[in-house]
Amino acid sequence: MAVLGVMAKIRVPYAHTSLEIVRMRYGKIGHLVFIVLNLVNNVFGCASMIMTGSQLIYGVSGMNFVAATILIPLGAVGGLKATFLTDYLHTAIALILIIYFTLSVLTNSAVGGLSGLYDKVVATAGENYISGNYEGSLLTFKSKGAIIWGLILKFGNLALVVMDTAFWQKSFATEVRATVPGYSIAAIAVFGIPWGLGTVIGLTARAIHNTPIFPTYPGELTATEVSMGMVMPYTLKALLGDKGIIGFFFLLFMALTSTVSSSMIAVSSILSYDIYKTYLNPKVTDKNLVRVSHLTVVIHGIFITGISIAMNYGGANMTWINYLRPVISCPGIIPLILTLFWSRQTRLAAIVSPILGFFTGLAVWLATAESMYGAIDIDTTSNEYPALYAAIASFFSPALYSVLLSLYKPYQFDWREFLRIELADETQLHAKSDTSTLYGVAESNDEYPQHALKDPTSSVKSVPVTSPSEPKRVLDPERIDALGEKIIPASPPSLSIFQANIDDAQHPFDDAALKELLKWLKIACISFVVLFLVTVVVWPLPLYRDYIFTKSFFSGWTTVAIIWQFAAFGAVVIFPLYDGRHAIATGARGIWNASKPYFSHT
């Protein structure tokens with residue numbers, strides 16, 4: 001996402017959403033296809049989170065899952081700024097709870113620390129034999145099921161990011177010098193959640209699930225309960241009591257509201273801007289558009305609630321949803337990436353390849369389930385191999401379809417077409433203004449602050465400031481863009497943008513600004529490659545061998561995992577406060593100065 005965010009700023013410096021980019025390149029039909037892909041990804045991802053949350057609430061508290069499903073979306077309403085705040089605050093609270101749960105469970109007398117946990121896992125190895133693991137052990141990385149699950153999860157989570165307009169909006173709304181480090185830090189810090197917490201909670205549950213302290217004792221912990229995600233709350237209940245369950249509910253609330261809030265903003269943006277304003281009422285005022293966006297939030301909340309309830313009654317669980325997600329979300333990833341990186345992807349290829357990719361993945365999923373297990377239902381499609389083959393087909397087949405269809409009728413896209421986005425914005429902005437200010441920004445216009453014009457990586461969209469008496473800025477006609485293609489300079493835009501020649505589109509960044517952007521693109525690409533190699537190839541893949549953790553290795557493994565949790569807290573909670581200390585101080589002074597008259601009167 002860091003690479004895509006920087007490339008979008010280079011190719012489409014005035015863009016606001018990923019769908020806006022698609023519309024400029026592929027027209028109405030392509031726009032509608034990717035609207036459907038984005039809506040399906042957002043709605044399904046959000047509904048699955050709500051469904052999983054309602055099942056957990058039902059399993060822990062006994063509340064009717066329908067009631068829980070209806071209540072969850074009510075706590076996730078807000079705008080884009082609200083999602084930034086909830087992302088930060090909820091992540092901070094969630095990480096504190098994760099560290100607390102990890103340490104509290106590990107140091108509980110029933111567990112006995114690192115040494116005690118290792119001894120208990122070894123002692124219960126007979127009742128915890130895992131088919132497909134080396135010697136059936138829980139203390140090995142040679143696990144076929146884990147590798148397959150990890151691959152499926154990689155495909156699904158990649159789709160949740162790339163095909164979610166909210167991630168693109170955040171990239172466009174932040175400066176590039178913040179986008180690349182932000183996503184790179186998150187890519188490292190995210191290991192703090194599954195690594196330490198999963199190791200401690202998962203192995204502890206295996207060690208104590210047949211003891212009197214476990215909530216299901218003397219009964220077994222069923223596969224259905226595991227699929228519902230009940231392992232963690234049961235373990236916390238057994239070791240920490242009611243305070244553990246209360247903390248779990250807080251953690252669940254933080255995760256759900258942050259996810260649902262982000263989804264609501266993304267879907268609201270699609271419905272209000274990409275559908276209503278673009279096709280139903282192009283002349284809508286900003287004030288009425290805000291009202292429409294508020295209405296779409298309500299509609300989306302009702303709709304995802306209905307979808308979640310339907311999936312609950314249909315027998316879906318967390319495991320099955322994670323297997324389905326790549327099939328429906330992955331087909332648009334590569335065509336969307338090629339929209340920014342390959343000028344020869346044709347309109348036909350971009351429109352048809354995701355559709356063919358979806359049907360390919362679906363056919364592979366169902367056919368494999370029928371071939372291997374003799375039936376097509378929730379149980380057979382919940383097996384690992386059909387889901388893995390389907391994820392691979394859904395992800396990679398659109399690339400093949402796109403190349404073949406693009407070669408059928410070759411065409412090369414002119415990247416300068418993307419600059420028409422700002423020409424359209426300028427036409428609307430200055431429709432009632434004097435043309436002498438068309439290329440300038442009035443000092444009283446708060447929408448385009450002057451300071452933003454000095455920062456080429458600012459998220460504020462603007463055009464170069466000149467006056468009619470000033471000569472036009474002449475750019476080097478041989479200037480090269482990110483992929484080696486010439487950027488041809490042009491004159492300032494005119495009001496009649498749809499009749500304007502393509503040469504009227506002018507890139508807003510000078511050579512120095514583009515050089516800075518290209519530097520960040522290089523950093524993002526290197527970070528992506530290094531992080532992938534380190535976190536997959538160098539570690540932990542070499543552990544996939546005939547090896548069972550010794551006590552000392554296990555102790556070191558878990559200790560590093562816990563240190564990683566604290567490092568993640570420092571990176572995503574403490575560092576942003578330090579990095580934004582000047583802005584925070586400015587805001588605090590503003591609040592204090594604004595409130596002093598109130599205090600003086602009282």
# chains A, B, ... in the order shown; residues from 1 in each chain; ligands from 1

call {"tool": "select_by_dssp", "arguments": {"residues": "stretch 189-292 of chain A", "states": "helix (DSSP H, G or I)", "output": "PyMOL selection string"}}
result
chain A and resi 189-208+223-227+231-240+242-280+286-292

call {"tool": "closest_atom_pairs", "arguments": {"of": "stretch 118-165 of chain A", "to": "stretch 38-54 of chain A", "cutoff": "8 Å", "atoms": "only C-alpha atoms", "output": "JSON lines"}}
result
{"residue": "A:Ala159", "atom": "CA", "partner": "A:Asn41", "partner_atom": "CA", "distance": 7.7}
{"residue": "A:Leu160", "atom": "CA", "partner": "A:Asn41", "partner_atom": "CA", "distance": 6.7}
{"residue": "A:Met163", "atom": "CA", "partner": "A:Asn38", "partner_atom": "CA", "distance": 5.6}
{"residue": "A:Asp164", "atom": "CA", "partner": "A:Asn38", "partner_atom": "CA", "distance": 6.1}
{"residue": "A:Thr165", "atom": "CA", "partner": "A:Asn38", "partner_atom": "CA", "distance": 7.0}

call {"tool": "closest_residue", "arguments": {"among": "A:Leu153, A:Ile213, A:Ile98, A:Met24", "to": "A:Trp195", "atoms": "only C-alpha atoms"}}
result
A:Ile98

call {"tool": "residues_around", "arguments": {"residues": "A:Pro335", "least_positions_apart": "2", "cutoff": "12 Å", "atoms": "only C-alpha atoms", "output": "ChimeraX atom specification"}}
result
/A:22,26,30,33-34,37,162-163,330-333,337-357,394-403,405-406

call {"tool": "residues_around", "arguments": {"residues": "A:Val12", "least_positions_apart": "6", "cutoff": "8 Å", "atoms": "only C-alpha atoms", "output": "PyMOL selection string"}}
result
chain A and resi 21+418-419

call {"tool": "write_last_selection", "arguments": {"atoms": "C-alpha atoms", "output": "short mmCIF file (atom, residue, chain, number, x, y, z; two decimals), in the first residue's frame"}}
result
data_model
loop_
_atom_site.label_atom_id
_atom_site.label_comp_id
_atom_site.auth_asym_id
_atom_site.auth_seq_id
_atom_site.Cartn_x
_atom_site.Cartn_y
_atom_site.Cartn_z
CA ILE A 21 -8.55 6.87 -10.92
CA PHE A 418 -5.03 11.54 -15.06
CA LEU A 419 -4.34 15.27 -14.72
#
